[in-house]
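Enquirer: Contents of model_8.txt (compact mmCIF, C-alpha atoms and all ligand atoms) are given next:
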```txt
# COMPACT_ATOMS: atom_id res chain seq x y z
CA MET H 256 -34.98 -29.09 21.65
CA GLY H 257 -35.38 -27.82 18.09
CA SER H 258 -32.73 -28.22 15.47
CA SER H 259 -29.95 -25.75 14.80
CA TYR H 260 -29.03 -24.39 11.37
CA ARG H 261 -26.10 -22.30 10.19
CA ILE H 262 -26.98 -19.17 8.26
CA ALA H 263 -24.12 -17.20 6.65
CA LEU H 264 -24.41 -13.50 5.80
CA ALA H 265 -22.35 -12.55 2.74
CA GLY H 266 -22.23 -9.42 0.61
CA ASN H 267 -20.26 -6.41 -0.59
CA PRO H 268 -18.64 -4.14 2.00
CA ASN H 269 -20.99 -1.74 3.72
CA THR H 270 -24.29 -3.30 2.66
CA GLY H 271 -25.59 -3.69 6.21
CA LYS H 272 -24.64 -7.27 7.03
CA SER H 273 -23.57 -6.44 10.57
CA THR H 274 -26.60 -4.19 11.08
CA LEU H 275 -28.83 -7.10 10.09
CA PHE H 276 -26.80 -9.50 12.21
CA ASN H 277 -27.05 -7.23 15.28
CA ALA H 278 -30.76 -6.56 14.84
CA LEU H 279 -31.55 -10.26 14.55
CA THR H 280 -29.20 -11.61 17.23
CA GLY H 281 -29.22 -8.69 19.63
CA LEU H 282 -25.42 -8.75 19.68
CA ARG H 283 -23.33 -5.62 19.41
CA GLN H 284 -21.05 -6.51 16.57
CA HIS H 285 -19.33 -3.23 15.73
CA THR H 286 -20.58 -1.62 12.52
CA GLY H 287 -19.10 1.25 10.61
CA ASN H 288 -18.05 2.52 7.26
CA TRP H 289 -14.30 2.09 7.11
CA ALA H 290 -12.80 1.67 10.54
CA GLY H 291 -15.08 -1.09 11.79
CA LYS H 292 -14.78 -3.41 8.85
CA THR H 293 -15.64 -6.95 9.86
CA VAL H 294 -12.56 -9.14 9.99
CA SER H 295 -13.15 -12.02 12.37
CA LEU H 296 -16.40 -13.93 12.05
CA ALA H 297 -19.06 -12.76 14.49
CA GLN H 298 -21.58 -15.43 15.35
CA GLY H 299 -24.90 -15.29 17.17
CA ASN H 300 -28.22 -17.05 17.49
CA VAL H 301 -31.81 -16.29 16.52
CA GLN H 302 -34.71 -18.41 17.74
CA TYR H 303 -37.50 -18.94 15.24
CA LYS H 304 -40.41 -21.40 15.32
CA GLY H 305 -38.61 -23.66 17.77
CA LYS H 306 -35.43 -23.68 15.71
CA THR H 307 -32.07 -22.04 16.29
CA PHE H 308 -30.58 -20.10 13.42
CA HIS H 309 -26.87 -19.71 14.04
CA LEU H 310 -25.84 -16.58 12.12
CA ILE H 311 -22.30 -16.04 10.81
CA ASP H 312 -21.36 -12.52 9.73
CA LEU H 313 -18.83 -12.92 6.88
CA PRO H 314 -16.42 -10.16 5.84
CA GLY H 315 -17.71 -7.88 3.08
CA THR H 316 -16.02 -8.34 -0.31
CA TYR H 317 -16.61 -7.40 -3.95
CA SER H 318 -15.71 -10.85 -5.15
CA LEU H 319 -15.08 -14.39 -3.93
CA PHE H 320 -12.04 -15.33 -5.97
CA SER H 321 -9.63 -15.20 -3.02
CA ASN H 322 -7.59 -12.24 -4.12
CA SER H 323 -7.45 -11.20 -0.48
CA SER H 324 -7.65 -12.98 2.85
CA ASP H 325 -11.16 -11.57 3.40
CA GLU H 326 -12.33 -13.09 0.15
CA GLU H 327 -10.71 -16.37 1.02
CA VAL H 328 -12.38 -16.48 4.44
CA ALA H 329 -15.81 -15.76 2.98
CA ARG H 330 -15.35 -18.10 0.02
CA ASN H 331 -14.01 -20.99 2.09
CA TYR H 332 -16.82 -20.65 4.57
CA ILE H 333 -19.52 -20.79 1.90
CA VAL H 334 -17.91 -23.57 -0.10
CA PHE H 335 -16.32 -25.82 2.52
CA GLU H 336 -18.21 -25.15 5.75
CA LYS H 337 -21.45 -25.37 3.81
CA PRO H 338 -23.92 -23.26 5.77
CA ASP H 339 -27.54 -24.43 5.57
CA VAL H 340 -28.46 -21.11 3.97
CA THR H 341 -26.32 -18.27 2.59
CA VAL H 342 -28.01 -14.89 2.75
CA VAL H 343 -26.43 -12.45 0.33
CA VAL H 344 -27.05 -8.90 1.52
CA LEU H 345 -27.23 -6.37 -1.33
CA ASP H 346 -27.37 -2.58 -1.40
CA ALA H 347 -30.65 -1.67 -3.11
CA THR H 348 -29.16 1.56 -4.44
CA SER H 349 -26.29 -0.20 -6.18
CA LEU H 350 -27.66 -3.48 -7.52
CA GLU H 351 -25.48 -3.66 -10.62
CA ARG H 352 -22.34 -3.65 -8.52
CA ASN H 353 -23.80 -5.91 -5.85
CA PHE H 354 -24.99 -8.61 -8.21
CA ASN H 355 -21.41 -9.45 -9.19
CA LEU H 356 -20.87 -11.13 -5.84
CA ALA H 357 -24.45 -12.42 -5.61
CA LEU H 358 -24.10 -14.26 -8.93
CA GLN H 359 -20.80 -15.73 -7.79
CA VAL H 360 -22.47 -17.11 -4.67
CA LEU H 361 -25.29 -18.59 -6.77
CA GLU H 362 -22.68 -20.53 -8.75
CA MET H 363 -21.04 -21.91 -5.63
CA THR H 364 -23.97 -23.08 -3.59
CA LYS H 365 -27.66 -23.80 -3.87
CA ASN H 366 -29.45 -22.59 -0.76
CA VAL H 367 -29.20 -18.85 -1.24
CA ILE H 368 -31.46 -15.94 -0.33
CA ILE H 369 -30.97 -12.65 -2.13
CA CYS H 370 -31.65 -10.07 0.57
CA ILE H 371 -31.93 -6.55 -0.82
CA ASN H 372 -31.18 -4.13 2.02
CA LEU H 373 -31.30 -0.33 2.35
CA ILE H 374 -34.68 -0.41 0.67
CA ASP H 375 -35.60 2.77 2.61
CA VAL H 376 -32.77 4.67 0.90
CA ALA H 377 -33.67 3.23 -2.51
CA GLU H 378 -37.29 4.31 -2.11
CA LYS H 379 -36.19 7.84 -1.31
CA GLN H 380 -34.15 7.81 -4.51
CA GLY H 381 -37.16 6.66 -6.50
CA ILE H 382 -35.74 3.21 -7.17
CA THR H 383 -38.35 0.46 -7.33
CA ILE H 384 -37.33 -3.17 -7.31
CA ASN H 385 -39.56 -6.01 -8.49
CA GLU H 386 -38.50 -8.91 -6.33
CA ARG H 387 -40.85 -11.33 -8.09
CA ILE H 388 -39.19 -10.89 -11.45
CA LEU H 389 -35.79 -11.25 -9.81
CA THR H 390 -36.90 -14.41 -7.99
CA ASN H 391 -38.07 -15.94 -11.27
CA ARG H 392 -34.91 -15.01 -13.10
CA LEU H 393 -32.54 -16.20 -10.39
CA GLY H 394 -34.33 -19.29 -9.12
CA VAL H 395 -33.91 -18.35 -5.45
CA PRO H 396 -35.97 -16.18 -3.07
CA VAL H 397 -35.42 -12.43 -3.30
CA ILE H 398 -36.47 -10.37 -0.26
CA LYS H 399 -36.44 -6.64 0.38
CA ILE H 400 -35.50 -5.37 3.83
CA SER H 401 -34.33 -2.35 5.74
CA ALA H 402 -32.00 -3.65 8.42
CA ARG H 403 -31.74 -0.31 10.18
CA ASN H 404 -35.53 0.05 10.42
CA LYS H 405 -36.03 -3.65 11.11
CA LYS H 406 -38.36 -3.93 8.11
CA GLY H 407 -38.84 -7.18 6.23
CA PHE H 408 -37.47 -9.43 8.99
CA PRO H 409 -40.55 -11.70 9.32
CA MET H 410 -40.38 -12.50 5.60
CA LEU H 411 -36.64 -13.12 5.76
CA LEU H 412 -36.87 -15.42 8.79
CA ASP H 413 -39.82 -17.26 7.34
CA THR H 414 -37.97 -17.83 4.07
CA ILE H 415 -34.92 -19.17 5.92
CA ASP H 416 -37.28 -21.44 7.83
CA ARG H 417 -38.94 -22.70 4.69
CA ILE H 418 -35.60 -23.45 3.05
CA VAL H 419 -34.22 -25.43 6.01
CA THR H 420 -37.45 -27.41 6.36
CA GLY H 421 -37.47 -28.14 2.63
CA ALA H 422 -40.78 -26.35 2.07
CA ILE H 423 -39.13 -24.40 -0.71
CA GLU H 424 -36.30 -25.58 -2.89
CA CYS H 425 -33.76 -23.17 -4.30
CA GLN H 426 -32.80 -23.77 -7.90
CA PRO H 427 -30.26 -21.16 -8.89
CA VAL H 428 -30.40 -20.60 -12.65
CA PRO H 429 -27.00 -21.64 -14.02
CA MET H 430 -24.94 -18.93 -15.63
CA ALA H 431 -24.26 -19.78 -19.27
CA TYR H 432 -20.77 -19.26 -20.68
CA PRO H 433 -19.59 -19.01 -24.29
CA ASP H 434 -19.68 -22.36 -26.17
CA GLU H 435 -15.93 -22.74 -26.02
CA ILE H 436 -15.98 -22.64 -22.23
CA GLU H 437 -19.12 -24.77 -21.91
CA GLU H 438 -17.43 -27.50 -23.96
CA LYS H 439 -14.42 -27.47 -21.69
CA ILE H 440 -16.66 -27.63 -18.63
CA LYS H 441 -18.42 -30.65 -20.13
CA LYS H 442 -15.07 -32.39 -20.56
CA ILE H 443 -13.74 -31.97 -17.05
CA GLU H 444 -16.93 -31.84 -14.98
CA PRO H 445 -17.40 -35.65 -14.76
CA LYS H 446 -13.80 -36.07 -13.55
CA VAL H 447 -14.21 -33.30 -11.02
CA PHE H 448 -17.41 -34.94 -9.84
CA GLU H 449 -15.53 -38.19 -9.19
CA LEU H 450 -13.24 -36.25 -6.86
CA VAL H 451 -15.61 -33.96 -5.02
CA GLY H 452 -18.91 -35.85 -5.32
CA ASN H 453 -21.81 -33.87 -3.98
CA GLN H 454 -19.61 -32.05 -1.50
CA LEU H 455 -18.95 -29.18 -3.89
CA SER H 456 -20.56 -27.99 -7.09
CA ALA H 457 -18.60 -29.84 -9.78
CA ARG H 458 -19.52 -27.18 -12.33
CA TRP H 459 -18.18 -24.41 -10.13
CA VAL H 460 -14.94 -26.26 -9.34
CA SER H 461 -14.51 -26.96 -13.08
CA LEU H 462 -14.87 -23.28 -13.84
CA ARG H 463 -12.33 -22.39 -11.20
CA LEU H 464 -9.89 -24.96 -12.57
CA LEU H 465 -10.30 -23.55 -16.08
CA ASP H 466 -9.48 -20.19 -14.56
CA GLY H 467 -6.29 -21.66 -13.05
CA ASP H 468 -7.30 -21.03 -9.44
CA GLU H 469 -4.38 -22.70 -7.68
CA LYS H 470 -5.38 -21.56 -4.23
CA LEU H 471 -8.68 -23.37 -4.54
CA LEU H 472 -6.94 -26.47 -5.85
CA ASN H 473 -4.63 -26.47 -2.81
CA GLU H 474 -7.57 -25.96 -0.48
CA ILE H 475 -9.41 -28.91 -2.04
CA ASN H 476 -6.27 -31.06 -1.83
CA GLN H 477 -5.86 -30.20 1.83
CA ARG H 478 -9.46 -30.83 2.73
CA PHE H 479 -10.25 -33.81 0.52
CA GLY H 480 -6.80 -35.32 -0.08
CA GLN H 481 -6.12 -35.90 3.60
CA LYS H 482 -9.41 -37.69 4.16
CA GLU H 483 -8.57 -40.20 1.45
CA VAL H 484 -5.23 -40.94 3.07
CA VAL H 485 -6.88 -41.54 6.44
CA GLU H 486 -9.58 -43.80 5.07
CA MET Z 177 -18.37 15.38 -35.44
CA SER Z 178 -15.19 14.66 -33.60
CA ILE Z 179 -13.21 11.45 -33.34
CA PRO Z 180 -13.58 9.89 -29.88
CA LYS Z 181 -10.53 10.55 -27.78
CA ILE Z 182 -9.14 7.40 -26.18
CA ILE Z 183 -7.11 7.91 -23.04
CA LYS Z 184 -5.65 5.80 -20.29
CA LEU Z 185 -7.30 6.19 -16.89
CA VAL Z 186 -3.95 7.23 -15.44
CA ASN Z 187 -3.98 10.30 -17.70
CA GLY Z 188 -7.45 11.45 -16.70
CA GLU Z 189 -7.87 14.82 -15.03
CA LYS Z 190 -10.01 15.46 -11.98
CA GLY Z 191 -13.66 15.60 -13.06
CA ASN Z 192 -13.15 13.68 -16.32
CA LEU Z 193 -15.69 11.06 -17.25
CA ILE Z 194 -14.24 8.09 -19.12
CA ARG Z 195 -16.19 5.23 -20.70
CA ILE Z 196 -14.02 2.13 -20.42
CA THR Z 197 -13.19 0.32 -23.64
CA SER Z 198 -10.45 -2.12 -22.68
CA LEU Z 199 -8.34 -3.61 -19.91
CA ASN Z 200 -4.86 -4.59 -21.01
CA LEU Z 201 -4.28 -6.92 -18.11
CA GLU Z 202 -4.43 -10.65 -17.58
CA GLY Z 203 -5.03 -13.11 -14.80
CA VAL Z 204 -5.64 -12.16 -11.21
CA MET Z 205 -5.09 -8.42 -11.76
CA ARG Z 206 -7.67 -8.34 -14.54
CA ARG Z 207 -10.17 -10.33 -12.48
CA ARG Z 208 -9.71 -8.00 -9.51
CA LEU Z 209 -10.37 -4.89 -11.59
CA LEU Z 210 -13.44 -6.44 -13.23
CA ASP Z 211 -14.79 -7.32 -9.79
CA LEU Z 212 -14.25 -3.75 -8.65
CA GLY Z 213 -16.43 -2.57 -11.55
CA PHE Z 214 -13.84 -1.61 -14.17
CA VAL Z 215 -15.65 -3.38 -17.00
CA ALA Z 216 -15.98 -2.33 -20.63
CA GLY Z 217 -18.85 0.13 -20.97
CA ALA Z 218 -18.67 1.36 -17.38
CA ILE Z 219 -18.37 5.12 -16.92
CA VAL Z 220 -15.65 6.14 -14.52
CA GLU Z 221 -15.14 9.56 -12.98
CA VAL Z 222 -11.73 10.80 -11.89
CA ILE Z 223 -12.30 11.93 -8.30
CA ARG Z 224 -8.91 12.79 -6.92
CA LYS Z 225 -5.27 12.68 -7.89
CA SER Z 226 -2.75 12.62 -5.10
CA PRO Z 227 0.15 15.11 -5.38
CA LEU Z 228 2.46 12.53 -6.87
CA GLY Z 229 -0.29 11.22 -9.12
CA ASP Z 230 -0.40 7.81 -7.49
CA PRO Z 231 -2.81 6.39 -6.45
CA ILE Z 232 -5.79 7.95 -8.22
CA ALA Z 233 -9.32 7.76 -6.83
CA PHE Z 234 -12.09 6.87 -9.27
CA ARG Z 235 -15.83 6.72 -8.92
CA VAL Z 236 -17.19 3.59 -10.54
CA SER Z 237 -20.64 2.06 -10.12
CA GLN Z 238 -21.37 4.32 -7.13
CA THR Z 239 -18.24 3.44 -5.19
CA THR Z 240 -14.94 5.26 -4.85
CA ILE Z 241 -11.96 3.07 -5.59
CA ALA Z 242 -8.28 4.02 -5.62
CA LEU Z 243 -6.02 2.42 -8.22
CA ARG Z 244 -2.27 2.33 -8.43
CA LYS Z 245 -0.49 3.53 -11.56
CA GLU Z 246 0.32 -0.03 -12.61
CA GLU Z 247 -3.40 -0.65 -12.82
CA SER Z 248 -4.80 2.65 -14.09
CA SER Z 249 -2.21 2.80 -16.88
CA GLN Z 250 -3.57 -0.48 -18.27
CA ILE Z 251 -7.18 0.66 -18.56
CA GLU Z 252 -8.34 2.65 -21.59
CA GLY Z 253 -11.52 4.45 -22.38
CA VAL Z 254 -13.25 7.19 -24.33
CA LEU Z 255 -12.97 10.61 -22.77
CA MET Z 256 -16.53 11.88 -22.61
CA THR Z 257 -17.18 15.51 -23.39
CA ASN Z 258 -19.75 17.66 -21.63
CA GLY Z 259 -23.34 16.67 -22.11
CA GLU Z 260 -22.53 13.43 -23.89
N1 LIG H 501 -30.63 3.84 5.82
C1 LIG H 501 -30.20 2.62 6.10
N2 LIG H 501 -28.93 2.44 6.51
C2 LIG H 501 -28.51 1.20 6.78
C3 LIG H 501 -29.37 0.08 6.64
N3 LIG H 501 -28.66 -1.03 6.96
C4 LIG H 501 -27.41 -0.61 7.29
N4 LIG H 501 -27.31 0.72 7.19
C5 LIG H 501 -26.11 1.55 7.47
O1 LIG H 501 -25.10 1.18 6.54
C6 LIG H 501 -23.79 1.29 7.15
C7 LIG H 501 -23.01 0.00 6.98
O2 LIG H 501 -23.61 -1.03 7.75
P1 LIG H 501 -22.82 -2.30 8.29
O3 LIG H 501 -23.83 -3.15 8.95
O4 LIG H 501 -21.62 -1.94 9.04
O5 LIG H 501 -22.34 -2.95 6.90
P2 LIG H 501 -21.52 -4.30 6.69
O6 LIG H 501 -22.11 -4.95 5.50
O7 LIG H 501 -21.46 -5.10 7.94
O8 LIG H 501 -20.07 -3.74 6.32
P3 LIG H 501 -18.66 -4.57 6.28
O9 LIG H 501 -18.57 -5.39 7.51
O10 LIG H 501 -17.62 -3.54 6.14
O11 LIG H 501 -18.73 -5.42 5.05
C8 LIG H 501 -24.06 1.66 8.60
O12 LIG H 501 -23.88 3.04 8.74
C9 LIG H 501 -25.50 1.27 8.82
O13 LIG H 501 -26.14 2.04 9.82
C10 LIG H 501 -30.72 0.30 6.19
O14 LIG H 501 -31.53 -0.62 6.03
N5 LIG H 501 -31.07 1.59 5.94
MG MG H 502 -19.79 -5.81 9.00
```
Could you rewrite the structure in this file as structure tokens?

Expert:
Amino acid sequence: MGSSYRIALAGNPNTGKSTLFNALTGLRQHTGNWAGKTVSLAQGNVQYKGKTFHLIDLPGTYSLFSNSSDEEVARNYIVFEKPDVTVVVLDATSLERNFNLALQVLEMTKNVIICINLIDVAEKQGITINERILTNRLGVPVIKISARNKKGFPMLLDTIDRIVTGAIECQPVPMAYPDEIEEKIKKIEPKVFELVGNQLSARWVSLRLLDGDEKLLNEINQRFGQKEVVE
Amino acid sequence: MSIPKIIKLVNGEKGNLIRITSLNLEGVMRRRLLDLGFVAGAIVEVIRKSPLGDPIAFRVSQTTIALRKEESSQIEGVLMTNGE
């Protein structure tokens, strides 16, 4: 028996996450523009090179700062359930908007694939995307696909495979903040690291604390605080 | 040359294009609007006003998003004239 890995699909609403999920897993997760918005987490398997990729279809959101229950579900899954790989699905015709969430994910976790979908529509609109430049700038693989036409899947699956086997290492380029904020991060990051260790990105948690994210603080207390009591 | 006309999004008329200059909001509300694409420099089109004027639908960064008065009255921008 090969090993099993959890692969989360994240992204803005309506970028084709469920279409990709269905095409890869063969499941009929309902897709649609407004009515069929994904709420509960659909899960399904893909076999590849003797391994099982367990796909999780996260709800589509514009952000991951838990302003809604959808955002909280997606954020908590990525941060606390720690999938082996997070695939962020982007709409090729609306990259500026879509990169807001993609950059947030790159701050939260390391093993990320930027999967640019709807490439067929973009091409018709005369949009060309240089995935090599993006890969260099971001420090993680960038792949172009068309989920509806099942284009680009071999490359996507192979990249997932190479991340889980350690053949490629993702190194998301850290987002730089103004000096004032960077100094504050420097002050609290070591203390945050003492608390969360390698479980969470100490830099990201520090940023969220500076932002006064109480929901995240409660979530961390619940998940990490209890363990300490038990031990 | 004319002086740029600054208006609040809530006062935009259907079809107006407005280049955002500032968000007079803090905290979670501000963050939410930024995440939806209401950032300084973004060009927003007024798509539809409901009969009572609330909410108003805007087109921003290729997506239609409806805002309540409490939100759209806190966002200001330059009203763009034809051909600008
Ligand atoms: N042309 C084209 N259409 C696509 C492609 N991928 C998805 N779509 C269409 O885009 C629409 C949205 O797809 P979904 O898979 O439901 O999107 P989603 O990301 O799961 O949406 P939420 O669950 O609401 O976040 C559907 O009408 C799909 O058929 C693609 O590669 N090309
Ligand atoms: Mg979906």

Enquirer: Under the rule of at most 10 Å, produce a per-residue listing of chain H near chain Z: chain, number, name, the closest pair of atoms, and the distance in Å, as a tab-separated table, using all atoms listed in the file.

Expert:
```
residue	atom	partner	partner_atom	distance
H:Thr316	CA	Z:Asp211	CA	9.6
H:Tyr317	CA	Z:Asp211	CA	6.1
H:Ser318	CA	Z:Asp211	CA	5.9
H:Leu319	CA	Z:Asp211	CA	9.2
H:Phe320	CA	Z:Arg207	CA	8.4
H:Ser321	CA	Z:Val204	CA	9.6
H:Asn322	CA	Z:Arg208	CA	7.2
H:Ser323	CA	Z:Arg208	CA	9.8
H:Thr348	CA	Z:Gln238	CA	8.7
H:Ser349	CA	Z:Gln238	CA	6.7
H:Leu350	CA	Z:Ser237	CA	9.3
H:Glu351	CA	Z:Ser237	CA	7.5
H:Arg352	CA	Z:Ser237	CA	6.2
H:Asn353	CA	Z:Ser237	CA	9.6
H:Asn355	CA	Z:Asp211	CA	7.0
H:Leu356	CA	Z:Asp211	CA	8.2
H:Asp466	CA	Z:Gly203	CA	8.4
H:Gly467	CA	Z:Gly203	CA	8.8
H:Asp468	CA	Z:Val204	CA	9.2
```

Enquirer: As lines of an AutoDock Vina configuration file, please report the centre and edge lengths, rounded to one decimal in Å, of the axis-aligned box that holds all listed atoms of region 248-252 of chain Z with 3 Å of padding on each of the six sides.

Expert:
```
center_x = -5.3
center_y = 1.2
center_z = -17.8
size_x = 12.1
size_y = 9.3
size_z = 13.5
```

Enquirer: Counting only C-alpha atoms, which residue out of H:Thr280, H:Ser273, H:Ser258, H:Asn331 sits closest to Arg403 (chain H)?

Expert: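 Checking each candidate against Arg403 (chain H), we get H:Ser273 as the closest.
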
Enquirer: Give me the residues near Gln454 (chain H) as a ChimeraX atom specification, where near means some atom within 10 Å (using only C-alpha atoms) and where sequence neighbours in that chain fewer than 4 positions away do not count.

Expert: /H:334-335,337,448,450,479

Enquirer: Mind giving me the straight-line distance from atom O5 of ligand LIG 501 (chain H) to CA of Met410 (chain H) in Å, one decimal?

Expert: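 We find that atom O5 of ligand LIG 501 (chain H) and CA of Met410 (chain H) lie 20.5 Å from each other.
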